[in-house]
$ cat model_37.csv   # CSV, C-alpha atoms
chain,number,residue,atom,x,y,z
Q,1,MET,CA,22.0,-40.0,18.0
Q,2,ASP,CA,25.1,-39.9,15.7
Q,3,HIS,CA,23.4,-40.4,12.4
Q,4,THR,CA,20.8,-38.3,10.6
Q,5,GLU,CA,17.3,-39.5,10.0
Q,6,VAL,CA,15.1,-38.0,7.3
Q,7,LEU,CA,11.3,-38.4,7.0
Q,8,LEU,CA,10.4,-37.8,3.4
Q,9,ILE,CA,6.7,-36.9,2.9
Q,10,GLY,CA,5.8,-37.1,-0.8
Q,11,GLY,CA,2.6,-37.1,-2.8
Q,12,ARG,CA,0.7,-35.4,-5.5
Q,13,ALA,CA,-0.3,-31.7,-5.3
Q,14,GLY,CA,-3.4,-31.3,-3.1
Q,15,VAL,CA,-2.7,-34.4,-1.0
Q,16,GLY,CA,-1.8,-32.5,2.2
Q,17,LYS,CA,2.0,-32.8,2.4
Q,18,SER,CA,2.6,-29.4,4.0
Q,19,THR,CA,-0.4,-29.6,6.4
Q,20,VAL,CA,0.6,-33.0,7.5
Q,21,SER,CA,4.3,-32.0,8.0
Q,22,TRP,CA,3.2,-29.2,10.4
Q,23,GLU,CA,1.1,-31.6,12.4
Q,24,VAL,CA,3.9,-34.1,12.4
Q,25,SER,CA,6.1,-31.3,13.8
Q,26,ALA,CA,3.5,-30.5,16.5
Q,27,ARG,CA,3.4,-34.2,17.5
Q,28,LEU,CA,7.2,-34.3,17.7
Q,29,LYS,CA,7.4,-31.1,19.7
Q,30,ALA,CA,4.8,-32.4,22.2
Q,31,ALA,CA,7.0,-35.5,22.6
Q,32,GLU,CA,10.1,-33.3,23.0
Q,33,VAL,CA,11.7,-34.9,19.9
Q,34,GLY,CA,14.2,-32.5,18.3
Q,35,HIS,CA,13.7,-32.0,14.5
Q,36,ALA,CA,13.8,-29.5,11.7
Q,37,VAL,CA,11.2,-29.1,8.9
Q,38,ILE,CA,12.0,-28.1,5.3
Q,39,GLU,CA,9.4,-27.5,2.7
Q,40,GLY,CA,11.3,-28.9,-0.3
Q,41,ASP,CA,9.3,-27.1,-2.9
Q,42,PHE,CA,11.1,-23.9,-2.0
Q,43,MET,CA,14.6,-25.3,-2.2
Q,44,GLY,CA,14.6,-25.0,-6.0
Q,45,TYR,CA,11.9,-22.4,-6.6
Q,46,VAL,CA,13.6,-20.1,-9.0
Q,47,HIS,CA,12.7,-19.0,-12.5
Q,48,PRO,CA,14.3,-19.3,-14.9
Q,49,ALA,CA,16.1,-22.5,-14.1
Q,50,PRO,CA,19.8,-22.1,-13.6
Q,51,ASP,CA,21.9,-22.8,-16.8
Q,52,GLY,CA,22.6,-26.5,-17.0
Q,53,ASP,CA,20.1,-27.3,-14.3
Q,54,PRO,CA,16.7,-27.5,-16.1
Q,55,HIS,CA,15.1,-29.6,-13.3
Q,56,ARG,CA,16.6,-27.4,-10.6
Q,57,ALA,CA,18.1,-30.5,-8.9
Q,58,GLY,CA,21.5,-28.8,-8.5
Q,59,ILE,CA,20.2,-25.7,-6.9
Q,60,THR,CA,17.9,-27.8,-4.7
Q,61,GLU,CA,20.9,-29.8,-3.5
Q,62,ARG,CA,23.0,-26.7,-2.8
Q,63,ASN,CA,20.2,-25.0,-0.8
Q,64,LEU,CA,19.4,-28.2,1.1
Q,65,ARG,CA,23.0,-28.6,2.0
Q,66,ALA,CA,23.2,-25.0,3.3
Q,67,VAL,CA,19.9,-25.1,5.2
Q,68,TRP,CA,20.5,-28.5,6.7
Q,69,GLY,CA,24.1,-27.5,7.6
Q,70,ASN,CA,22.7,-24.7,9.7
Q,71,PHE,CA,20.3,-27.1,11.5
Q,72,ALA,CA,23.0,-29.8,12.0
Q,73,ASP,CA,25.3,-27.2,13.4
Q,74,LEU,CA,22.7,-26.6,16.1
Q,75,GLY,CA,22.7,-30.4,16.9
Q,76,HIS,CA,19.7,-31.5,14.9
Q,77,ARG,CA,19.7,-35.0,13.5
Q,78,ARG,CA,16.1,-35.5,12.4
Q,79,LEU,CA,14.6,-33.8,9.3
Q,80,VAL,CA,11.0,-33.7,8.1
Q,81,TYR,CA,11.2,-32.9,4.4
Q,82,THR,CA,8.2,-32.5,2.1
Q,83,ASN,CA,8.3,-32.5,-1.7
Q,84,THR,CA,6.1,-34.2,-4.3
Q,85,LEU,CA,8.8,-36.6,-5.7
Q,86,SER,CA,11.1,-36.8,-2.7
Q,87,VAL,CA,10.1,-40.4,-2.0
Q,88,LEU,CA,11.5,-41.7,-5.3
Q,89,THR,CA,14.6,-43.8,-5.2
Q,90,GLU,CA,16.7,-41.2,-7.2
Q,91,SER,CA,16.1,-38.7,-4.4
Q,92,ALA,CA,18.1,-40.7,-1.9
Q,93,SER,CA,21.4,-39.8,-3.7
Q,94,LEU,CA,20.4,-36.1,-3.4
Q,95,PHE,CA,20.0,-36.5,0.4
Q,96,GLU,CA,23.2,-38.4,0.7
Q,97,ARG,CA,25.2,-35.7,-1.2
Q,98,ALA,CA,23.5,-32.8,0.7
Q,99,ILE,CA,23.3,-34.3,4.2
Q,100,GLY,CA,25.8,-37.2,4.3
Q,101,THR,CA,26.0,-40.9,3.7
Q,102,ASP,CA,25.0,-42.0,7.2
Q,103,VAL,CA,21.4,-41.2,6.7
Q,104,ARG,CA,18.3,-43.3,7.6
Q,105,ILE,CA,15.5,-42.4,5.2
Q,106,VAL,CA,11.9,-43.1,5.9
Q,107,ARG,CA,9.6,-42.6,2.9
Q,108,VAL,CA,5.9,-41.8,3.3
Q,109,LEU,CA,3.7,-41.4,0.2
Q,110,LEU,CA,0.4,-39.5,1.0
Q,111,THR,CA,-2.4,-40.6,-1.4
Q,112,ALA,CA,-5.8,-39.2,-2.2
Q,113,THR,CA,-8.3,-39.6,-5.0
Q,114,ASP,CA,-8.7,-37.2,-7.9
Q,115,ASP,CA,-11.9,-35.8,-6.4
Q,116,THR,CA,-10.3,-35.1,-3.0
Q,117,THR,CA,-7.2,-33.4,-4.5
Q,118,ALA,CA,-9.3,-31.4,-7.0
Q,119,ARG,CA,-11.5,-30.1,-4.1
Q,120,ARG,CA,-8.4,-29.1,-2.1
Q,121,LEU,CA,-6.6,-27.5,-5.0
Q,122,LYS,CA,-9.7,-25.5,-5.9
Q,123,GLY,CA,-9.6,-24.0,-2.4
Q,124,ARG,CA,-5.8,-23.4,-2.6
Q,125,GLU,CA,-5.2,-22.3,-6.2
Q,126,ILE,CA,-7.1,-19.0,-6.4
Q,127,GLY,CA,-4.9,-17.6,-9.2
Q,128,SER,CA,-4.2,-18.7,-12.8
Q,129,GLU,CA,-2.5,-22.0,-12.0
Q,130,LEU,CA,-5.5,-24.2,-11.2
Q,131,GLU,CA,-5.8,-26.1,-14.5
Q,132,ARG,CA,-2.0,-26.7,-14.6
Q,133,GLU,CA,-2.0,-27.9,-11.0
Q,134,LEU,CA,-4.9,-30.3,-11.6
Q,135,ALA,CA,-3.2,-31.9,-14.6
Q,136,ASN,CA,0.2,-32.0,-13.0
Q,137,SER,CA,-1.2,-33.5,-9.8
Q,138,ALA,CA,-2.9,-36.4,-11.7
Q,139,HIS,CA,0.3,-37.0,-13.7
Q,140,LYS,CA,2.5,-37.1,-10.6
Q,141,ALA,CA,0.0,-39.4,-8.8
Q,142,ARG,CA,0.4,-42.0,-11.5
Q,143,LEU,CA,4.2,-41.6,-11.6
Q,144,LEU,CA,4.5,-41.9,-7.8
Q,145,ASP,CA,2.2,-45.0,-7.7
Q,146,GLU,CA,4.4,-46.7,-10.3
Q,147,ARG,CA,7.9,-45.7,-9.1
Q,148,VAL,CA,8.0,-45.5,-5.3
Q,149,PRO,CA,10.3,-48.0,-3.6
Q,150,ALA,CA,8.6,-51.1,-2.1
Q,151,ASP,CA,9.5,-49.9,1.5
Q,152,THR,CA,7.5,-46.7,1.1
Q,153,VAL,CA,4.7,-46.4,3.6
Q,154,ARG,CA,1.5,-45.3,1.8
Q,155,VAL,CA,-1.0,-43.2,3.8
Q,156,ALA,CA,-4.4,-42.4,2.5
Q,157,THR,CA,-5.6,-38.9,3.3
Q,158,ASP,CA,-9.2,-39.0,2.0
Q,159,ASP,CA,-11.8,-38.2,4.6
Q,160,ARG,CA,-9.3,-38.3,7.5
Q,161,THR,CA,-8.3,-35.7,10.0
Q,162,VAL,CA,-4.8,-34.2,9.8
Q,163,VAL,CA,-4.2,-35.4,13.4
Q,164,ASP,CA,-5.0,-39.0,12.4
Q,165,ILE,CA,-2.8,-38.9,9.3
Q,166,ALA,CA,0.1,-37.4,11.2
Q,167,ARG,CA,-0.2,-40.0,13.9
Q,168,GLU,CA,0.3,-42.7,11.2
Q,169,VAL,CA,3.2,-40.8,9.5
Q,170,VAL,CA,5.0,-40.4,12.8
Q,171,ALA,CA,4.5,-44.0,13.7
Q,172,ALA,CA,6.4,-44.9,10.5
Q,173,THR,CA,9.5,-43.1,11.8
Q,174,GLY,CA,9.7,-44.8,15.2
Q,175,TRP,CA,10.8,-41.4,16.7
Q,176,ILE,CA,8.2,-41.5,19.4
Q,177,HIS,CA,6.5,-44.3,21.3
Q,178,PRO,CA,2.9,-45.2,20.2
Q,179,GLU,CA,0.1,-43.9,22.3
$ encode --input "model_37.csv" --output "structure tokens"
Amino acid sequence: MDHTEVLLIGGRAGVGKSTVSWEVSARLKAAEVGHAVIEGDFMGYVHPAPDGDPHRAGITERNLRAVWGNFADLGHRRLVYTNTLSVLTESASLFERAIGTDVRIVRVLLTATDDTTARRLKGREIGSELERELANSAHKARLLDERVPADTVRVATDDRTVVDIAREVVAATGWIHPE
């Protein structure tokens, strides 16, 4: 494979992006498909934001370029990347600048109801951030629903196993043959 392929897994907080990405990785490993996984939330996780970069897009791009460069130097051409808003159209330019212009992007938006995400976040957010995360999650769900590109694959996560969800996500990539 000469070009790079990126699976973007987006969705509101509490939808299961990280958990699904690890199961996607397990499925790819089992099929002997080379890949790298990057948890996008950590690419720009710095406080305060760098001067002139209030949304941390610049530092995210720099870190993505550096980390992906290391994976690419090892011969990797497939990337699984998770981040809430990564599936939006404007993110494509970030990936082209950080990874290169010969990139095939597959967008998957994980969805879940307010009740499902609230239950998951209450189990995860055991510190002082719960109320902020609940409000932010609901806001991002509406934003994503309105703004994802038409070619985005939507995968519901309510009342489903992570294995089942990951199977559907991997199928969207075409990286392994269906079972």
$ atom_distance --input "model_37.csv" --atom1 "CA of Lys140 (chain Q)" --atom2 "CA of Asp41 (chain Q)"
14.3 Å
$ atom_distance --input "model_37.csv" --atom1 "CA of Gly14 (chain Q)" --atom2 "CA of Ala118 (chain Q)"
7.1 Å
$ closest_residue --input "model_37.csv" --among "Q:Thr113, Q:Ser21, Q:Thr4, Q:Thr82" --to "Glu168 (chain Q)" --atoms "only C-alpha atoms"
Q:Ser21
$ atom_distance --input "model_37.csv" --atom1 "CA of Leu8 (chain Q)" --atom2 "CA of Ser25 (chain Q)"
13.0 Å
$ closest_residue --input "model_37.csv" --among "Q:Val6, Q:Ala98, Q:Val163, Q:Ala135" --to "Tyr81 (chain Q)" --atoms "all atoms listed in the file"
Q:Val6
$ closest_residue --input "model_37.csv" --among "Q:Ile105, Q:Ala150, Q:Val80, Q:Pro54" --to "Val24 (chain Q)" --atoms "only C-alpha atoms"
Q:Val80
$ closest_residue --input "model_37.csv" --among "Q:Arg62, Q:Lys29, Q:Arg104, Q:Arg167" --to "Leu7 (chain Q)" --atoms "only C-alpha atoms"
Q:Arg104
$ closest_residue --input "model_37.csv" --among "Q:Arg12, Q:His35, Q:Arg160, Q:Arg107" --to "Ala138 (chain Q)" --atoms "all atoms listed in the file"
Q:Arg12
$ closest_residue --input "model_37.csv" --among "Q:His177, Q:Asp159, Q:Glu39, Q:Ala66" --to "Arg120 (chain Q)" --atoms "all atoms listed in the file"
Q:Asp159
